[in-house]
Each structure stands twice: as structure tokens, then as C-alpha cells.
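Q: Structure provided below as C-alpha cells; questions to follow.
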Amino acid sequence: MIARTWRGETSAGDADAYVAYLEHTGLAEYRATPGNRGAHLLRRELPGDRTEFVTLTFWDDVDAVRRFAGDDITVAVFYPEDDRFLAARDLVAHHYEVASP
């Protein structure tokens, strides 16, 4: 099994709206992709009026990740309104072999 992570930040005032947006875009697409075993959104408040988000998804294998992300699985996937919400973002996603399910 493969775990995929990505992180980004919004202003604290946009955090709730961003969660709702992600539920309809990225999280919905993760969950609809064959081979996805789960999609979670982590959130924490940062100093300076920022909120950090981490997506944590689990996949059967690298081929399942490719079905979501495309051939280069390290490239982060973005959606049309991300520019409106994201004050900072990682341009890459990180992948881990799940050593203890």
C-alpha cells in the first residue's frame, strides 16, 4: 500500500470554505479513483492568521496513484479555484510505502 501526502496553506478566514471546496474537488476525486483506500484532510492553525492543510491518501499501489495523478505522480494536482484559496502550497506530493497497515 502507498500513502500520498500534500500540503498547502490558506488564510485562517478561508479555511472552512477551503475544506468545503476540497470535499467537492480533490477529496471526491481521490475517493472515486479505483485503488483508493481512503482520503483524509488534516488541518491545523498556524501563527500569523494561516491554516495548514495536509492531504493523506492511501492507495493499493503506484498504478492506482497514477490513475489519480497522472504519469508523474510527484506532481501535485490542483483545481480551478485553488489559486483563490491557497496562500502557500507544495508543488510536489510525497509517497511512502506503508510499512505497518
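In the C-alpha cells, chains take the letters A, B, ... in the order shown, each chain's residues start at 1, and ligands count up from 1 in the order shown.
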List every residue of chain A that DSSP, applied to the backbone, labels as strand (DSSP E or B), and write the result as JSON, numbers by chain.

A: {"A": [2, 3, 4, 5, 6, 7, 8, 9, 10, 11, 36, 37, 38, 39, 40, 41, 42, 43, 44, 45, 46, 50, 51, 52, 53, 54, 55, 56, 57, 58, 59, 75, 86, 87, 88, 89, 92, 94, 95, 96, 97]}

Q: Determine, for each residue of region 14-64 of chain A having at least one atom at most 10 Å from an atom of region 72-95 of chain A, the closest pair of atoms and their separation in Å to one decimal, counting only C-alpha atoms; order by chain and ascending number, as JSON lines.

A:
```
{"residue": "A:Asp14", "atom": "CA", "partner": "A:Phe85", "partner_atom": "CA", "distance": 6.6}
{"residue": "A:Ala15", "atom": "CA", "partner": "A:Phe85", "partner_atom": "CA", "distance": 8.3}
{"residue": "A:Ala17", "atom": "CA", "partner": "A:Phe85", "partner_atom": "CA", "distance": 8.5}
{"residue": "A:Tyr18", "atom": "CA", "partner": "A:Phe85", "partner_atom": "CA", "distance": 6.5}
{"residue": "A:Tyr21", "atom": "CA", "partner": "A:Glu81", "partner_atom": "CA", "distance": 8.4}
{"residue": "A:Leu22", "atom": "CA", "partner": "A:Tyr79", "partner_atom": "CA", "distance": 9.1}
{"residue": "A:Thr25", "atom": "CA", "partner": "A:Tyr79", "partner_atom": "CA", "distance": 7.1}
{"residue": "A:Gly26", "atom": "CA", "partner": "A:Tyr79", "partner_atom": "CA", "distance": 7.6}
{"residue": "A:Arg50", "atom": "CA", "partner": "A:Ala87", "partner_atom": "CA", "distance": 8.4}
{"residue": "A:Thr51", "atom": "CA", "partner": "A:Ala87", "partner_atom": "CA", "distance": 9.5}
{"residue": "A:Glu52", "atom": "CA", "partner": "A:Ala88", "partner_atom": "CA", "distance": 9.0}
{"residue": "A:Phe53", "atom": "CA", "partner": "A:Arg89", "partner_atom": "CA", "distance": 9.4}
{"residue": "A:Thr55", "atom": "CA", "partner": "A:Ala93", "partner_atom": "CA", "distance": 9.4}
{"residue": "A:Leu56", "atom": "CA", "partner": "A:His94", "partner_atom": "CA", "distance": 9.8}
{"residue": "A:Thr57", "atom": "CA", "partner": "A:His95", "partner_atom": "CA", "distance": 9.5}
{"residue": "A:Phe58", "atom": "CA", "partner": "A:His95", "partner_atom": "CA", "distance": 9.6}
{"residue": "A:Val62", "atom": "CA", "partner": "A:Ile73", "partner_atom": "CA", "distance": 8.3}
{"residue": "A:Asp63", "atom": "CA", "partner": "A:Ile73", "partner_atom": "CA", "distance": 9.5}
```

Q: If you keep C-alpha atoms, can you produce a file of those selected residues as an mmCIF file, in the first residue's frame?

A:
```cif
data_model
loop_
_atom_site.group_PDB
_atom_site.id
_atom_site.type_symbol
_atom_site.label_atom_id
_atom_site.label_comp_id
_atom_site.auth_asym_id
_atom_site.auth_seq_id
_atom_site.Cartn_x
_atom_site.Cartn_y
_atom_site.Cartn_z
ATOM 1 C CA ASP A 14 -10.674 30.973 4.163
ATOM 2 C CA ALA A 15 -10.083 27.675 5.979
ATOM 3 C CA ALA A 17 -14.524 27.415 2.740
ATOM 4 C CA TYR A 18 -11.413 25.588 1.546
ATOM 5 C CA TYR A 21 -14.153 23.187 -1.690
ATOM 6 C CA LEU A 22 -11.791 20.230 -1.219
ATOM 7 C CA THR A 25 -12.924 18.539 -5.748
ATOM 8 C CA GLY A 26 -9.773 16.745 -4.621
ATOM 9 C CA ARG A 50 -2.733 30.923 8.492
ATOM 10 C CA THR A 51 -4.229 27.429 8.418
ATOM 11 C CA GLU A 52 -2.200 24.482 7.164
ATOM 12 C CA PHE A 53 -3.757 21.516 5.395
ATOM 13 C CA THR A 55 -3.985 15.572 2.471
ATOM 14 C CA LEU A 56 -3.223 11.987 3.403
ATOM 15 C CA THR A 57 -4.414 9.342 0.998
ATOM 16 C CA PHE A 58 -3.884 5.608 0.788
ATOM 17 C CA VAL A 62 1.659 3.108 -7.519
ATOM 18 C CA ASP A 63 -0.553 2.310 -10.521
#
```

Q: One decimal, in Å: what's the spacing between CA of Asn36 (chain A) and CA of Val65 (chain A)?

A: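 So the two atoms, CA of Asn36 (chain A) and CA of Val65 (chain A), lie 7.8 Å apart.
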
Q: Which is closer to Ala28 (chain A) than all the others in A:Phe68, A:Arg7, A:Asp16, A:Arg43, using only C-alpha atoms?

A: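 Result for the nearest residue to Ala28 (chain A): A:Phe68.
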